[in-house]
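Visitor: Sending over a structure as structure tokens; questions will come in a sec.
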Amino acid sequence: MKRACFLFCLFIAAAVAFGAAPREKPIGVFDSGTGGLTVLEAILALDSFNNQTGATGTDGVPDFVAESFHYLADHANMPYGHYASVNKVDLLREHIVRSASFLLSNSNKPSVKMIVIACNTATAYGLDDVKNSGVPVVGVINAGVKAAMEHQKKHPGTIGVFATAGTVASGGYPNAIRKIAAGASIVSQGCVGLAECIDRDWSYFSDTAATVRTEYKGPSLTNKQLPIHPSLLPVYNFSAEKNKLLRRLDASGNCVELQLNDSANYVRYHLVTMLETMRRERYTAPLNTLILGCTHYPYLRETIATVLKELHEHRYRDVLAAHVELIDPAVETAKEAYLELRRQNLQRTGGGAVADAFFISVPNTSLTGVQLQPDGWFTYDYKYGRQAGTNLPFVRYLPFDTRNVPAEAYRRFRDVLPRVHEKLKAVVSGLSADDNLLAIQEGELPIILSAPHGGRVDIPGVPPRTGTGLPKGAGKFVTARDMNTEELTKEIVSALEARTGKKPYYVVARFHRKFVDANRRSEGAYEDPKAGRVYDAYHQALARFCEAVYTKHGCGLVLDIHGQSSAPDTIFRGTQNGKTVRLLVERLGEKAHIGPKSFCGLLAAQGLTVVPADASGETSAYTGGYIVQASGERAGIGAIQLEFGSNLRKKENLKDTAAKVADAIVAFSKLYLAAPSPTR
């Protein structure tokens with residue numbers, strides 16, 4: 001009866017929503033946090049249909065180009081995935097209905113004409129309720145299953161469901177899979193703490209913690225429900241740098257408690273736990289398909305892929321395939337939403353556009369008895385201690401701003417969700433100022449340019465590095481910028497686009513090197529934690545671009561642009577004496593690295609002096625840093641550090657230098673990079 005009351009309110013809101021001109025209304029999208037923005041990104045990027053006829057096939061125009069969107073992150077009540085484990089499913093369903101009701105209401109905003117539930121848990125527990133609203137509703141689970149089963153047709157194996165505990169408890173994915181294939185091999189892992197860490201839930205993550213916390217609810221040595229097994233510590237291979245792993249020692253120096261404080265460490269814990277389950281239960285078909293069953297997880301796609309590869313190589317070949325297809329339900333969800341929009345004849349016809357809007361739920365502090373954490377959000381006990389059916393307004397809905405959504409989240413959106421970020425910049429005051437720290441471009445060519453040391457911009461609130469505890473000197477602790485390397489990189493980009501009509505990828509530091517050295521491992525790259533977020537953004541973008549190039553082209557080249565003054569007219573090659581191009585050479589042959597048809601050989605053909613010009617050892621000061629090392633470890637990717645002499649970087653010489661480099665890139669690409677798609 002109590003749920004019926006909520007649904008009745010939803011029906012009323014829907015009636016209002018379909019008043020005048022429903023075609024011109026926005027599309028509503030909601031999730032328990034910011035993970036659903038990955039679905040919105042897929043919607044904005046979709047070009048799978050002819051916009052005039054609706055027929056399948058690209059027409060060069062985004063399928064939702066005429067539409068506007070209202071997004072809701074029910075952050076105050078997140079994570080939805082935990083309510084089932086504390087026996088609060090009715091409360092969860094009320095949160096889902098309230099989120100839909102807010103989007104359907106027209107109080108101080110337009111109502112929506114359609115709802116996309118961009119949350120796996122909300123789809124599992126609330127899809128039927130929200131469908132009763134009277135507006136078209138699309139969820140994410142069936143879309144994920146469809147994509148997974150398409151892969152299984154050609155590559156049968158075990159399907160992994162990597163999701164929140166609530167989604168796993170619902171059985172939504174296995175039930176949907178077995179409707180298609182009754183005998184499918186499925187393993188599920190409820191990833192407690194992972195989505196919460198991404199969205200900075202205090203119970204699972206703290207960026208100020210330096211030691212173990214009593215409020216922590218995630219995996220630990222002493223958590224009987226989520227135990228970290230000491231015998232598996234070498235397998236987990238947790239990162240302990242920068243307080244990513246919190247420890248408590250006894251008087252004898254023995255570790256008596258461990259807590260995770262980093263999203264990659266959560267990924268490691270849950271993947272190992274899933275694979276240990278497969279071993280214990282004697283799975284015979286190796287895991288080769290992994291559904292990212294929470295819309296937060298695509299933010300960590302590269303991390304998940306890297307850890308899976310590592311685990312296959314070092315321990316789990318009996319239950320883990322060499323390649324695991326990662327299934328993001330977002331694209332299929334976007335397709336389903338487009339088809340439903342056309343079926344309901346709700347495409348916008350070109351009238352006055354409704355502005356995009358982004359909303360977040362926050363605690364209603366005027367309510368008696370509200371309990372808040374130091375970060376301003378509900379305490380764990382209060383959040384899960386509330387009762388269904390009270391009709392109390394636990395939350396308020398506010399537009400996104402730079403206070404209720406942290407700066408590091410906006411940086412993540414910028415790096416991973418460029419289309420969403422563009423929309424956010426239009427509605428969140430002050431957001432575009434953060435773009436001043438990095439210049440990033442998604443590309444089309446199998447070429448990635450990096451320039452970590454040419455920036456001039458201060459990072460607000462971050463003092464310069466002092467190098468305390470680090471050795472000083474060339475190649476050790478350096479804060480000077482590489483003059484005009486940012487400008488040279490941009491000139492190379494322009495020259496490539498002029499020659500090919502296509503864009504290369506690039507990541508360019510606008511921040512000054514005195515705050516962050518992006519060409520170092522993190523422990524030596526920065527000193528202030530706020531600078532670490534900029535460092536992470538730089539390397540996450542590079543990692544994402546390497547994966548994109550490999551997926552699209554099968555192989556590619558990273559060129560890391562630096563400057564030196566010891567030989568003003570020379571370019572020094574740095575590949576750590578061939579190590580950072582090893583995987584590319586394995587695919588293309590030694591001639592791609594050494595000789596007249598290597599990249600450096602093609603640079604020399606343009607009249608540039610390159611050292612070394614042959615197979616001799618590289619100059620010790622310029623053998624290549626962390627960027628080429630990390631990039632060159634990725635499948636199909638070769639990475640070369642190029643140290644340009646000061647004369648080549650003079651302002652009057654930039655265009656000429658860039659033109660010669662661009663010509664060498666084009667020649668190299670024609671010789672080697674028109675490779676077939678990667679073998680997966």
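In the structure tokens, chains take the letters A, B, ... in the order shown, each chain's residues start at 1, and ligands count up from 1 in the order shown.
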Would you kindly return, as a list of chain:residue names, each protein, DNA or RNA residue with an atom no farther than 8 Å from any atom of region 256-261 of chain A, considering only C-alpha atoms and excluding same-chain residues fewer than 4 positions away?

Guide: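 Returned residues: A:Cys197, A:Tyr204, A:Phe205, A:Ser206, A:Asp207, A:Val212, A:Tyr216, A:Gly218, A:Pro219, A:Ser220, A:Leu221, A:Thr222, A:Ile228, A:Asn243, A:Lys244, A:Leu245, A:Leu246, A:Arg247, A:Arg248, A:Leu249, A:Asp250, A:Asn265, A:Tyr266.
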
Visitor: For the selection just defined, write its residues with N, CA and C atoms to a file, as a PDB file, in the first residue's frame.

Guide:
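As a result, result_10.pdb now contains:
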ATOM      1  N   CYS A 197      33.866   4.004  -3.989  1.00  0.00           N
ATOM      2  CA  CYS A 197      35.166   4.665  -4.033  1.00  0.00           C
ATOM      3  C   CYS A 197      35.235   5.659  -5.185  1.00  0.00           C
ATOM      4  N   TYR A 204      33.993   4.092   2.308  1.00  0.00           N
ATOM      5  CA  TYR A 204      34.872   3.235   1.524  1.00  0.00           C
ATOM      6  C   TYR A 204      36.120   3.955   1.007  1.00  0.00           C
ATOM      7  N   PHE A 205      36.180   5.261   1.176  1.00  0.00           N
ATOM      8  CA  PHE A 205      37.296   6.035   0.630  1.00  0.00           C
ATOM      9  C   PHE A 205      37.414   7.360   1.374  1.00  0.00           C
ATOM     10  N   SER A 206      38.659   7.776   1.624  1.00  0.00           N
ATOM     11  CA  SER A 206      38.905   9.109   2.175  1.00  0.00           C
ATOM     12  C   SER A 206      40.207   9.644   1.608  1.00  0.00           C
ATOM     13  N   ASP A 207      40.150  10.815   0.993  1.00  0.00           N
ATOM     14  CA  ASP A 207      41.373  11.367   0.408  1.00  0.00           C
ATOM     15  C   ASP A 207      42.255  12.048   1.448  1.00  0.00           C
ATOM     16  N   VAL A 212      44.298   3.581   9.217  1.00  0.00           N
ATOM     17  CA  VAL A 212      43.020   2.883   9.145  1.00  0.00           C
ATOM     18  C   VAL A 212      41.935   3.680   9.868  1.00  0.00           C
ATOM     19  N   TYR A 216      35.319   2.816   8.137  1.00  0.00           N
ATOM     20  CA  TYR A 216      35.524   2.068   6.897  1.00  0.00           C
ATOM     21  C   TYR A 216      34.682   0.784   6.877  1.00  0.00           C
ATOM     22  N   GLY A 218      34.748  -1.401   3.887  1.00  0.00           N
ATOM     23  CA  GLY A 218      35.155  -2.227   2.755  1.00  0.00           C
ATOM     24  C   GLY A 218      36.008  -3.427   3.139  1.00  0.00           C
ATOM     25  N   PRO A 219      36.615  -4.084   2.148  1.00  0.00           N
ATOM     26  CA  PRO A 219      37.459  -5.251   2.411  1.00  0.00           C
ATOM     27  C   PRO A 219      38.625  -4.908   3.344  1.00  0.00           C
ATOM     28  N   SER A 220      38.941  -5.827   4.235  1.00  0.00           N
ATOM     29  CA  SER A 220      40.054  -5.626   5.165  1.00  0.00           C
ATOM     30  C   SER A 220      40.496  -6.968   5.723  1.00  0.00           C
ATOM     31  N   LEU A 221      41.578  -6.961   6.470  1.00  0.00           N
ATOM     32  CA  LEU A 221      42.043  -8.190   7.105  1.00  0.00           C
ATOM     33  C   LEU A 221      41.059  -8.707   8.145  1.00  0.00           C
ATOM     34  N   THR A 222      40.278  -7.789   8.747  1.00  0.00           N
ATOM     35  CA  THR A 222      39.396  -8.171   9.850  1.00  0.00           C
ATOM     36  C   THR A 222      37.923  -8.198   9.485  1.00  0.00           C
ATOM     37  N   ILE A 228      40.382  -9.675   3.260  1.00  0.00           N
ATOM     38  CA  ILE A 228      41.622  -9.674   2.487  1.00  0.00           C
ATOM     39  C   ILE A 228      42.460 -10.831   3.016  1.00  0.00           C
ATOM     40  N   ASN A 243      48.958   6.625   0.254  1.00  0.00           N
ATOM     41  CA  ASN A 243      47.838   6.224   1.125  1.00  0.00           C
ATOM     42  C   ASN A 243      46.718   5.490   0.381  1.00  0.00           C
ATOM     43  N   LYS A 244      47.087   4.791  -0.689  1.00  0.00           N
ATOM     44  CA  LYS A 244      46.089   3.993  -1.398  1.00  0.00           C
ATOM     45  C   LYS A 244      45.754   2.695  -0.657  1.00  0.00           C
ATOM     46  N   LEU A 245      46.627   2.312   0.262  1.00  0.00           N
ATOM     47  CA  LEU A 245      46.412   1.136   1.104  1.00  0.00           C
ATOM     48  C   LEU A 245      46.761   1.556   2.531  1.00  0.00           C
ATOM     49  N   LEU A 246      45.764   1.530   3.406  1.00  0.00           N
ATOM     50  CA  LEU A 246      45.963   1.992   4.780  1.00  0.00           C
ATOM     51  C   LEU A 246      46.295   0.802   5.670  1.00  0.00           C
ATOM     52  N   ARG A 247      47.301   0.975   6.550  1.00  0.00           N
ATOM     53  CA  ARG A 247      47.782  -0.139   7.363  1.00  0.00           C
ATOM     54  C   ARG A 247      47.868   0.242   8.835  1.00  0.00           C
ATOM     55  N   ARG A 248      47.686  -0.763   9.689  1.00  0.00           N
ATOM     56  CA  ARG A 248      47.959  -0.598  11.110  1.00  0.00           C
ATOM     57  C   ARG A 248      48.917  -1.700  11.534  1.00  0.00           C
ATOM     58  N   LEU A 249      49.979  -1.326  12.240  1.00  0.00           N
ATOM     59  CA  LEU A 249      50.988  -2.260  12.697  1.00  0.00           C
ATOM     60  C   LEU A 249      50.891  -2.424  14.206  1.00  0.00           C
ATOM     61  N   ASP A 250      51.261  -3.604  14.707  1.00  0.00           N
ATOM     62  CA  ASP A 250      51.313  -3.788  16.154  1.00  0.00           C
ATOM     63  C   ASP A 250      52.677  -3.345  16.672  1.00  0.00           C
ATOM     64  N   ASN A 265      42.783  -0.569  -6.360  1.00  0.00           N
ATOM     65  CA  ASN A 265      42.939  -1.642  -5.368  1.00  0.00           C
ATOM     66  C   ASN A 265      41.635  -2.405  -5.168  1.00  0.00           C
ATOM     67  N   TYR A 266      40.493  -1.694  -5.224  1.00  0.00           N
ATOM     68  CA  TYR A 266      39.204  -2.393  -5.173  1.00  0.00           C
ATOM     69  C   TYR A 266      39.045  -3.318  -6.382  1.00  0.00           C
TER      70      TYR A 266
END

Visitor: Within 12 Å of Arg403 (chain A), counting only C-alpha atoms, which residues show up once you throw out same-chain ones fewer than 5 positions away? Write them as number ranges by chain, please.

Guide: A: 360, 362, 375-376, 398, 408-410, 428-431

Visitor: Would you put the residues from that selection into a file with N, CA, C and O atoms, as a PDB file, in the first residue's frame?

Guide:
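What follows is the written file part-v6.pdb:
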ATOM      1  N   ILE A 360      21.736  16.917  -8.616  1.00  0.00           N
ATOM      2  CA  ILE A 360      22.283  15.981  -7.644  1.00  0.00           C
ATOM      3  C   ILE A 360      21.451  16.075  -6.372  1.00  0.00           C
ATOM      4  O   ILE A 360      21.003  17.165  -5.988  1.00  0.00           O
ATOM      5  N   VAL A 362      21.106  15.985  -2.344  1.00  0.00           N
ATOM      6  CA  VAL A 362      21.942  16.270  -1.174  1.00  0.00           C
ATOM      7  C   VAL A 362      21.094  16.055   0.067  1.00  0.00           C
ATOM      8  O   VAL A 362      19.853  16.096   0.016  1.00  0.00           O
ATOM      9  N   ASP A 375      32.217  14.780   5.775  1.00  0.00           N
ATOM     10  CA  ASP A 375      32.190  15.289   4.397  1.00  0.00           C
ATOM     11  C   ASP A 375      30.831  15.853   3.996  1.00  0.00           C
ATOM     12  O   ASP A 375      30.635  16.268   2.850  1.00  0.00           O
ATOM     13  N   GLY A 376      29.861  15.862   4.927  1.00  0.00           N
ATOM     14  CA  GLY A 376      28.577  16.485   4.659  1.00  0.00           C
ATOM     15  C   GLY A 376      27.504  15.567   4.126  1.00  0.00           C
ATOM     16  O   GLY A 376      26.372  16.010   3.904  1.00  0.00           O
ATOM     17  N   LEU A 398      19.484  19.661  -6.186  1.00  0.00           N
ATOM     18  CA  LEU A 398      20.152  20.897  -6.562  1.00  0.00           C
ATOM     19  C   LEU A 398      20.881  20.710  -7.892  1.00  0.00           C
ATOM     20  O   LEU A 398      21.273  19.593  -8.242  1.00  0.00           O
ATOM     21  N   GLU A 408      37.855  16.718  -8.746  1.00  0.00           N
ATOM     22  CA  GLU A 408      38.424  15.531  -9.379  1.00  0.00           C
ATOM     23  C   GLU A 408      37.386  14.777 -10.195  1.00  0.00           C
ATOM     24  O   GLU A 408      37.717  14.119 -11.188  1.00  0.00           O
ATOM     25  N   ALA A 409      36.110  14.864  -9.810  1.00  0.00           N
ATOM     26  CA  ALA A 409      35.056  14.234 -10.609  1.00  0.00           C
ATOM     27  C   ALA A 409      34.919  14.938 -11.954  1.00  0.00           C
ATOM     28  O   ALA A 409      34.803  14.288 -12.997  1.00  0.00           O
ATOM     29  N   TYR A 410      34.952  16.265 -11.938  1.00  0.00           N
ATOM     30  CA  TYR A 410      34.861  17.001 -13.206  1.00  0.00           C
ATOM     31  C   TYR A 410      36.062  16.690 -14.098  1.00  0.00           C
ATOM     32  O   TYR A 410      35.922  16.612 -15.327  1.00  0.00           O
ATOM     33  N   VAL A 428      27.614  24.672 -15.548  1.00  0.00           N
ATOM     34  CA  VAL A 428      28.259  24.734 -14.235  1.00  0.00           C
ATOM     35  C   VAL A 428      29.228  25.906 -14.218  1.00  0.00           C
ATOM     36  O   VAL A 428      30.235  25.909 -14.923  1.00  0.00           O
ATOM     37  N   SER A 429      28.922  26.897 -13.435  1.00  0.00           N
ATOM     38  CA  SER A 429      29.727  28.113 -13.377  1.00  0.00           C
ATOM     39  C   SER A 429      31.136  27.812 -12.888  1.00  0.00           C
ATOM     40  O   SER A 429      31.334  27.119 -11.893  1.00  0.00           O
ATOM     41  N   GLY A 430      32.138  28.336 -13.606  1.00  0.00           N
ATOM     42  CA  GLY A 430      33.530  28.198 -13.197  1.00  0.00           C
ATOM     43  C   GLY A 430      34.187  26.902 -13.611  1.00  0.00           C
ATOM     44  O   GLY A 430      35.386  26.712 -13.376  1.00  0.00           O
ATOM     45  N   LEU A 431      33.442  26.008 -14.237  1.00  0.00           N
ATOM     46  CA  LEU A 431      34.000  24.697 -14.552  1.00  0.00           C
ATOM     47  C   LEU A 431      35.093  24.768 -15.608  1.00  0.00           C
ATOM     48  O   LEU A 431      36.093  24.061 -15.527  1.00  0.00           O
TER      49      LEU A 431
END

Visitor: Nearest to Leu271 (chain A): which of A:Asp129, A:Asp31, A:Glu340, A:Glu310 is it, counting only C-alpha atoms?

Guide: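 Distance minimum relative to Leu271 (chain A) lands on A:Glu310.
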
Visitor: Considering only C-alpha atoms, state which residue in the set A:Thr58, A:Thr368, A:Asn436, A:Ser107 is at the smallest distance from Tyr397 (chain A).

Guide: A:Ser107

Visitor: With distances taken over only C-alpha atoms, which residue among A:Ala509, A:Leu648, A:Leu300, A:Leu392 lies nearest Gly369 (chain A)?

Guide: A:Leu392

Visitor: My list of candidates is A:Pro22, A:Pro110, A:Gly126, A:Gly385. Which is closest to Val86 (chain A) when distances are computed with only C-alpha atoms?

Guide: A:Gly385

Visitor: Name the residues of region 357-420 of chain A that fall into helix (DSSP H, G or I) according to DSSP on the backbone, using the chain letters and numbers of this document, as a list in words.

Guide: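 So, restricting region 357-420 of chain A to helix (DSSP H, G or I), we get Tyr380, Asp381, Tyr382, Lys383, Tyr384, Gly385, Ala407, Glu408, Ala409, Tyr410, Arg411, Arg412, Phe413, Arg414, Asp415, Val416, Pro418, Arg419 and Val420 of chain A.
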
Visitor: List the neighbours of Glu547 (chain A) out to 9 Å using only C-alpha atoms; skip same-chain residues closer than 6 positions along the sequence, and give me the result as a list of chain:residue names.

Guide: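 Using only C-alpha atoms, the neighbours found are A:Glu302, A:Arg634, A:Ala635.
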
Visitor: Please compute the CA of Lys655 (chain A)-CA of Pro446 (chain A) distance, one decimal, in Å.

Guide: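 Between CA of Lys655 (chain A) and CA of Pro446 (chain A) the gap is 22.1 Å.
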
Visitor: Measuring atom to atom with only C-alpha atoms, identify which of A:Thr123, A:Thr158, A:Gln347, A:Thr390 is nearest to Asn288 (chain A).

Guide: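 With only C-alpha atoms as the atom set, the closest residue is A:Thr158.
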
Visitor: Can you work out which one of A:Glu487, A:Glu332, A:Asp74, A:Asp656 has the shortest atom-to-atom distance to Gly144 (chain A), counting only C-alpha atoms?

Guide: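 So, comparing all the options, the nearest one is A:Glu332.
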
Visitor: May I have the residues within 8 Å of Leu542 (chain A) as a list in words, using only C-alpha atoms and disregarding those fewer than 4 positions away in the same chain?

Guide: Ile448, Val507, Tyr538, Cys546 and Ser631 of chain A

Visitor: Region 113-121 of chain A: which residues within 6 Å, counting only C-alpha atoms, same-chain residues fewer than 5 positions away excluded, as a list in words?

Guide: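 Listed by chain and then number, they are Pro22, Lys25, Ile27, Gly28, Val29, Phe30, Asp31, Gly36, Gly81, Val135, Pro136, Val137, Val138, Gly139, Val140, Thr167 and Cys294 of chain A.
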
Visitor: Those residues you just picked out, can you put them in a file as a PDB file, in the first residue's frame with N, CA and C atoms?

Guide:
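Everything below was put into result00.pdb:
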ATOM      1  N   PRO A  22       5.028  17.293 -25.916  1.00  0.00           N
ATOM      2  CA  PRO A  22       5.995  16.394 -25.276  1.00  0.00           C
ATOM      3  C   PRO A  22       7.259  16.183 -26.102  1.00  0.00           C
ATOM      4  N   LYS A  25      10.254  18.250 -25.001  1.00  0.00           N
ATOM      5  CA  LYS A  25      10.754  18.087 -23.643  1.00  0.00           C
ATOM      6  C   LYS A  25      12.093  17.353 -23.644  1.00  0.00           C
ATOM      7  N   ILE A  27      15.004  14.509 -22.387  1.00  0.00           N
ATOM      8  CA  ILE A  27      15.065  13.103 -21.998  1.00  0.00           C
ATOM      9  C   ILE A  27      15.687  13.037 -20.606  1.00  0.00           C
ATOM     10  N   GLY A  28      15.084  12.287 -19.701  1.00  0.00           N
ATOM     11  CA  GLY A  28      15.611  12.148 -18.352  1.00  0.00           C
ATOM     12  C   GLY A  28      16.519  10.934 -18.225  1.00  0.00           C
ATOM     13  N   VAL A  29      17.611  11.093 -17.507  1.00  0.00           N
ATOM     14  CA  VAL A  29      18.563  10.016 -17.245  1.00  0.00           C
ATOM     15  C   VAL A  29      18.895  10.069 -15.761  1.00  0.00           C
ATOM     16  N   PHE A  30      18.861   8.919 -15.060  1.00  0.00           N
ATOM     17  CA  PHE A  30      19.263   8.973 -13.651  1.00  0.00           C
ATOM     18  C   PHE A  30      20.041   7.746 -13.218  1.00  0.00           C
ATOM     19  N   ASP A  31      20.827   7.956 -12.166  1.00  0.00           N
ATOM     20  CA  ASP A  31      21.647   6.918 -11.547  1.00  0.00           C
ATOM     21  C   ASP A  31      21.767   7.286 -10.072  1.00  0.00           C
ATOM     22  N   GLY A  36      26.107   7.010 -14.120  1.00  0.00           N
ATOM     23  CA  GLY A  36      25.175   7.057 -15.232  1.00  0.00           C
ATOM     24  C   GLY A  36      25.572   8.025 -16.322  1.00  0.00           C
ATOM     25  N   GLY A  81      23.427  -0.081  -4.768  1.00  0.00           N
ATOM     26  CA  GLY A  81      23.799  -1.488  -4.746  1.00  0.00           C
ATOM     27  C   GLY A  81      23.936  -2.106  -3.369  1.00  0.00           C
ATOM     28  N   VAL A 135       5.444   7.043 -19.180  1.00  0.00           N
ATOM     29  CA  VAL A 135       6.400   7.526 -20.179  1.00  0.00           C
ATOM     30  C   VAL A 135       7.276   6.352 -20.605  1.00  0.00           C
ATOM     31  N   PRO A 136       7.872   6.407 -21.782  1.00  0.00           N
ATOM     32  CA  PRO A 136       8.791   5.338 -22.188  1.00  0.00           C
ATOM     33  C   PRO A 136       9.971   5.248 -21.225  1.00  0.00           C
ATOM     34  N   VAL A 137      10.365   4.034 -20.883  1.00  0.00           N
ATOM     35  CA  VAL A 137      11.450   3.812 -19.930  1.00  0.00           C
ATOM     36  C   VAL A 137      12.386   2.741 -20.493  1.00  0.00           C
ATOM     37  N   VAL A 138      13.694   3.018 -20.413  1.00  0.00           N
ATOM     38  CA  VAL A 138      14.716   2.080 -20.878  1.00  0.00           C
ATOM     39  C   VAL A 138      15.687   1.835 -19.734  1.00  0.00           C
ATOM     40  N   GLY A 139      16.032   0.550 -19.497  1.00  0.00           N
ATOM     41  CA  GLY A 139      17.028   0.190 -18.494  1.00  0.00           C
ATOM     42  C   GLY A 139      18.296  -0.326 -19.155  1.00  0.00           C
ATOM     43  N   VAL A 140      19.240  -0.791 -18.313  1.00  0.00           N
ATOM     44  CA  VAL A 140      20.549  -1.150 -18.862  1.00  0.00           C
ATOM     45  C   VAL A 140      20.836  -2.654 -18.885  1.00  0.00           C
ATOM     46  N   THR A 167      22.970  -5.527  -7.427  1.00  0.00           N
ATOM     47  CA  THR A 167      22.671  -6.069  -8.753  1.00  0.00           C
ATOM     48  C   THR A 167      22.893  -7.575  -8.778  1.00  0.00           C
ATOM     49  N   CYS A 294      27.908  -2.187 -13.591  1.00  0.00           N
ATOM     50  CA  CYS A 294      27.624  -0.942 -12.873  1.00  0.00           C
ATOM     51  C   CYS A 294      28.106   0.180 -13.768  1.00  0.00           C
TER      52      CYS A 294
END

Visitor: Just the residues within 9 Å of region 511-523 of chain A, please, counting only C-alpha atoms, with nothing from its chain fewer than 6 positions along; format it as a PyMOL selection string.

Guide: chain A and resi 241-242+436-438+452-459+462-466+478-482+531-532+534-536+538-539+625-628

Visitor: Out of region 137-312 of chain A, which residues get strand (DSSP E) from DSSP, as a ChimeraX atom specification?

Guide: /A:137-138,158-163,185-190,245-249,255-260,287-293

Visitor: I want to know what sits within 7 Å of Gln641 (chain A), based on only C-alpha atoms, with residues of the same chain fewer than 6 positions away left out; could you give that as a PyMOL selection string?

Guide: chain A and resi 559-561+573-575+624+628

Visitor: Limited to N, CA, C and O atoms, could you put the picked residues into a file as a PDB file, in the first residue's frame?

Guide:
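result_38.pdb was written with the following content:
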ATOM      1  N   LEU A 559      54.411   9.325 -29.313  1.00  0.00           N
ATOM      2  CA  LEU A 559      55.586  10.193 -29.409  1.00  0.00           C
ATOM      3  C   LEU A 559      55.543  11.178 -28.250  1.00  0.00           C
ATOM      4  O   LEU A 559      54.622  11.993 -28.152  1.00  0.00           O
ATOM      5  N   ASP A 560      56.528  11.070 -27.371  1.00  0.00           N
ATOM      6  CA  ASP A 560      56.581  11.901 -26.170  1.00  0.00           C
ATOM      7  C   ASP A 560      57.581  13.032 -26.419  1.00  0.00           C
ATOM      8  O   ASP A 560      58.789  12.793 -26.555  1.00  0.00           O
ATOM      9  N   ILE A 561      57.074  14.262 -26.476  1.00  0.00           N
ATOM     10  CA  ILE A 561      57.850  15.418 -26.941  1.00  0.00           C
ATOM     11  C   ILE A 561      58.525  16.122 -25.764  1.00  0.00           C
ATOM     12  O   ILE A 561      57.854  16.556 -24.818  1.00  0.00           O
ATOM     13  N   ARG A 573      66.757  10.146 -29.516  1.00  0.00           N
ATOM     14  CA  ARG A 573      65.736   9.100 -29.423  1.00  0.00           C
ATOM     15  C   ARG A 573      65.831   8.408 -28.070  1.00  0.00           C
ATOM     16  O   ARG A 573      66.920   8.058 -27.617  1.00  0.00           O
ATOM     17  N   GLY A 574      64.676   8.168 -27.433  1.00  0.00           N
ATOM     18  CA  GLY A 574      64.644   7.442 -26.173  1.00  0.00           C
ATOM     19  C   GLY A 574      63.598   6.342 -26.199  1.00  0.00           C
ATOM     20  O   GLY A 574      62.395   6.626 -26.210  1.00  0.00           O
ATOM     21  N   THR A 575      64.068   5.100 -26.217  1.00  0.00           N
ATOM     22  CA  THR A 575      63.152   3.948 -26.189  1.00  0.00           C
ATOM     23  C   THR A 575      63.596   2.945 -25.120  1.00  0.00           C
ATOM     24  O   THR A 575      63.229   1.783 -25.189  1.00  0.00           O
ATOM     25  N   GLY A 624      64.662   7.781 -22.270  1.00  0.00           N
ATOM     26  CA  GLY A 624      63.206   7.677 -22.177  1.00  0.00           C
ATOM     27  C   GLY A 624      62.748   7.508 -20.747  1.00  0.00           C
ATOM     28  O   GLY A 624      63.361   6.779 -19.958  1.00  0.00           O
ATOM     29  N   VAL A 628      56.981   6.796 -21.809  1.00  0.00           N
ATOM     30  CA  VAL A 628      57.192   5.792 -22.862  1.00  0.00           C
ATOM     31  C   VAL A 628      57.261   4.390 -22.268  1.00  0.00           C
ATOM     32  O   VAL A 628      56.854   3.413 -22.910  1.00  0.00           O
TER      33      VAL A 628
END

Visitor: Take CA of Met149 (chain A) and CA of Gly171 (chain A) and report the distance between them in Å, one decimal.

Guide: 16.8 Å
